[in-house]
Amino acid sequence: MGSVEKGITELKLYSPLSGRFFDSEDCGRALNRITLSGYKREIQDALGKDEILQSEKGLAEYIQPPSLKERIISMHPGVEVWSYGMWSVLTVKCRGALSGGELETLKDEWHGQMTDGWGESFSQEAVDCDEGCCLYVDYVDTKRSSIKTEQELKGIAEEQEMHGDTGMQRAAGSTQTMG
């Protein structure tokens, strides 16, 4: 699920990102996660200025229910390029490992933040690019079912590459663990 150090567990939740790019003449075009990966530095710079990333607890301040909130130390959004595409990454630090139910609740909370909370606000902020161009990163259209743990995302793909599988049927039943 993630690394464990002194009773603290760190896990990451991944979801695909898309965006809209506007040139200096305000002509816009949609960007898929592969094209968006070319703007990693600009997106990271914009995230670095966000007050949520500057606070110690980050989005953990807003988590419900209270029993889960007590276990979550911090939740900070970020981005990562993986398998040629840009992914939203929520890095979560918690006290001990989360149960399956707690993990599902955490995914629900993150989905809510992406679509109606923090992500909705961030999606409306222009990310400065080259000479009068800007980018809007879209968290709002993220489907709840697309939120994956690092093992769910990367473990499935590694299993497919190892066995040469192209379909999801075999990988979906995989119990491979990541070290």
# chains A, B, ... in the order shown; residues from 1 in each chain; ligands from 1

$ residues_around --residues "stretch 44-51 of chain A" --least-positions-apart "6" --cutoff "9 Å" --atoms "only C-alpha atoms" --output "PyMOL selection string"
chain A and resi 58+77-79+122+125-128

$ write_last_selection --atoms "C-alpha atoms" --output "mmCIF file, in the first residue's frame"
data_model
loop_
_atom_site.group_PDB
_atom_site.id
_atom_site.type_symbol
_atom_site.label_atom_id
_atom_site.label_comp_id
_atom_site.auth_asym_id
_atom_site.auth_seq_id
_atom_site.Cartn_x
_atom_site.Cartn_y
_atom_site.Cartn_z
ATOM 1 C CA GLY A 58 -3.149 19.988 3.567
ATOM 2 C CA PRO A 77 -1.990 16.913 -4.066
ATOM 3 C CA GLY A 78 0.732 16.764 -6.677
ATOM 4 C CA VAL A 79 1.401 15.505 -10.192
ATOM 5 C CA PHE A 122 -7.466 24.839 -8.822
ATOM 6 C CA GLU A 125 -6.745 29.081 -11.851
ATOM 7 C CA ALA A 126 -4.575 29.730 -14.899
ATOM 8 C CA VAL A 127 -1.184 28.027 -14.870
ATOM 9 C CA ASP A 128 1.270 30.395 -16.536
#

$ residues_around --residues "A:Thr91" --least-positions-apart "2" --cutoff "12 Å" --atoms "only C-alpha atoms" --output "PyMOL selection string"
chain A and resi 1-3+9-15+53+57-60+72-80+88-89+93-94+106-107+110+149-150

$ select_by_dssp --residues "chain A" --states "alpha helix (DSSP H)" --output "PyMOL selection string"
chain A and resi 33-36+40-49+51-54+66-71+100-116+118-123+150+156-163+168-172

$ residues_around --residues "stretch 134-136 of chain A" --least-positions-apart "6" --cutoff "10 Å" --atoms "only C-alpha atoms" --output "short mmCIF file (atom, residue, chain, number, x, y, z; two decimals) with N, CA and C atoms, in the first residue's frame"
data_model
loop_
_atom_site.label_atom_id
_atom_site.label_comp_id
_atom_site.auth_asym_id
_atom_site.auth_seq_id
_atom_site.Cartn_x
_atom_site.Cartn_y
_atom_site.Cartn_z
N SER A 18 -6.45 15.92 -17.28
CA SER A 18 -6.54 16.52 -18.61
C SER A 18 -6.43 18.02 -18.40
N GLY A 19 -6.43 18.75 -19.47
CA GLY A 19 -6.31 20.20 -19.33
C GLY A 19 -6.76 20.91 -20.59
N ARG A 20 -6.73 22.22 -20.50
CA ARG A 20 -7.04 23.09 -21.64
C ARG A 20 -5.91 24.10 -21.75
N PHE A 21 -5.39 24.26 -22.96
CA PHE A 21 -4.30 25.18 -23.21
C PHE A 21 -4.83 26.35 -24.04
N PHE A 22 -4.47 27.57 -23.63
CA PHE A 22 -4.86 28.78 -24.36
C PHE A 22 -3.61 29.52 -24.77
N ASP A 23 -3.51 29.81 -26.06
CA ASP A 23 -2.35 30.54 -26.55
C ASP A 23 -2.52 32.04 -26.31
N SER A 24 -1.55 32.83 -26.75
CA SER A 24 -1.56 34.28 -26.49
C SER A 24 -2.71 34.99 -27.18
N ASP A 26 -5.73 33.68 -27.15
CA ASP A 26 -6.86 33.11 -26.43
C ASP A 26 -7.58 32.00 -27.20
N GLY A 28 -8.16 28.20 -27.58
CA GLY A 28 -8.00 27.08 -26.67
C GLY A 28 -8.04 25.74 -27.36
N ARG A 29 -7.39 24.75 -26.72
CA ARG A 29 -7.46 23.38 -27.20
C ARG A 29 -7.34 22.46 -25.99
N ALA A 30 -8.02 21.33 -26.11
CA ALA A 30 -7.98 20.33 -25.03
C ALA A 30 -6.66 19.57 -25.07
N LEU A 31 -6.17 19.21 -23.89
CA LEU A 31 -4.95 18.42 -23.77
C LEU A 31 -5.27 17.13 -23.03
N LEU A 36 -0.39 16.73 -21.77
CA LEU A 36 -0.28 17.51 -20.54
C LEU A 36 1.04 17.25 -19.81
N TYR A 39 3.92 19.71 -19.55
CA TYR A 39 3.78 20.91 -18.72
C TYR A 39 3.95 20.60 -17.22
N GLU A 42 5.49 23.46 -15.03
CA GLU A 42 4.58 24.59 -14.83
C GLU A 42 3.46 24.24 -13.84
N ILE A 43 2.95 23.02 -13.94
CA ILE A 43 1.89 22.60 -13.02
C ILE A 43 2.45 22.47 -11.60
N PHE A 122 -8.73 24.86 -8.09
CA PHE A 122 -7.47 24.84 -8.82
C PHE A 122 -7.70 24.80 -10.32
N SER A 123 -8.74 24.11 -10.76
CA SER A 123 -9.05 24.00 -12.18
C SER A 123 -9.41 25.36 -12.80
N GLN A 124 -9.82 26.30 -11.97
CA GLN A 124 -10.22 27.62 -12.46
C GLN A 124 -9.06 28.62 -12.45
N GLU A 125 -7.92 28.21 -11.90
CA GLU A 125 -6.74 29.08 -11.85
C GLU A 125 -5.84 28.81 -13.06
N ALA A 126 -5.47 29.88 -13.75
CA ALA A 126 -4.57 29.73 -14.90
C ALA A 126 -3.16 29.38 -14.44
N VAL A 127 -2.58 28.39 -15.09
CA VAL A 127 -1.18 28.03 -14.87
C VAL A 127 -0.39 28.74 -15.96
N ASP A 128 0.49 29.63 -15.56
CA ASP A 128 1.27 30.39 -16.54
C ASP A 128 2.23 29.50 -17.30
#

$ atom_distance --atom1 "atom CA of A:Arg95" --atom2 "atom CA of A:Ile52"
20.4 Å

$ closest_residue --among "A:Lys40, A:Lys69, A:His111, A:Arg33" --to "A:Arg144" --atoms "only C-alpha atoms"
A:His111

$ closest_residue --among "A:Ser146, A:Leu153, A:Ser37, A:Leu17" --to "A:Gly119" --atoms "only C-alpha atoms"
A:Leu17

$ closest_residue --among "A:Leu68, A:Ile63, A:Leu103, A:Met114" --to "A:Asp141" --atoms "only C-alpha atoms"
A:Met114

$ select_by_dssp --residues "chain A" --states "strand (DSSP E)" --output "ChimeraX atom specification"
/A:3-5,8-16,18-22,28-31,72-82,85-95,127-128,134-138,148-149

$ residues_around --residues "A:Gly38" --least-positions-apart "4" --cutoff "9 Å" --atoms "only C-alpha atoms" --output "ChimeraX atom specification"
/A:34,42,85-86

$ write_last_selection --atoms "C-alpha atoms" --output "PDB file, in the first residue's frame"
ATOM      1  CA  ILE A  34      -0.015  12.496 -22.515  1.00  0.00           C
ATOM      2  CA  GLU A  42       4.578  24.587 -14.834  1.00  0.00           C
ATOM      3  CA  GLY A  85       0.934  10.575 -19.134  1.00  0.00           C
ATOM      4  CA  MET A  86       0.232  13.130 -16.423  1.00  0.00           C
TER       5      MET A  86
END

$ atom_distance --atom1 "atom CA of A:Cys133" --atom2 "atom CA of A:Glu25"
8.3 Å
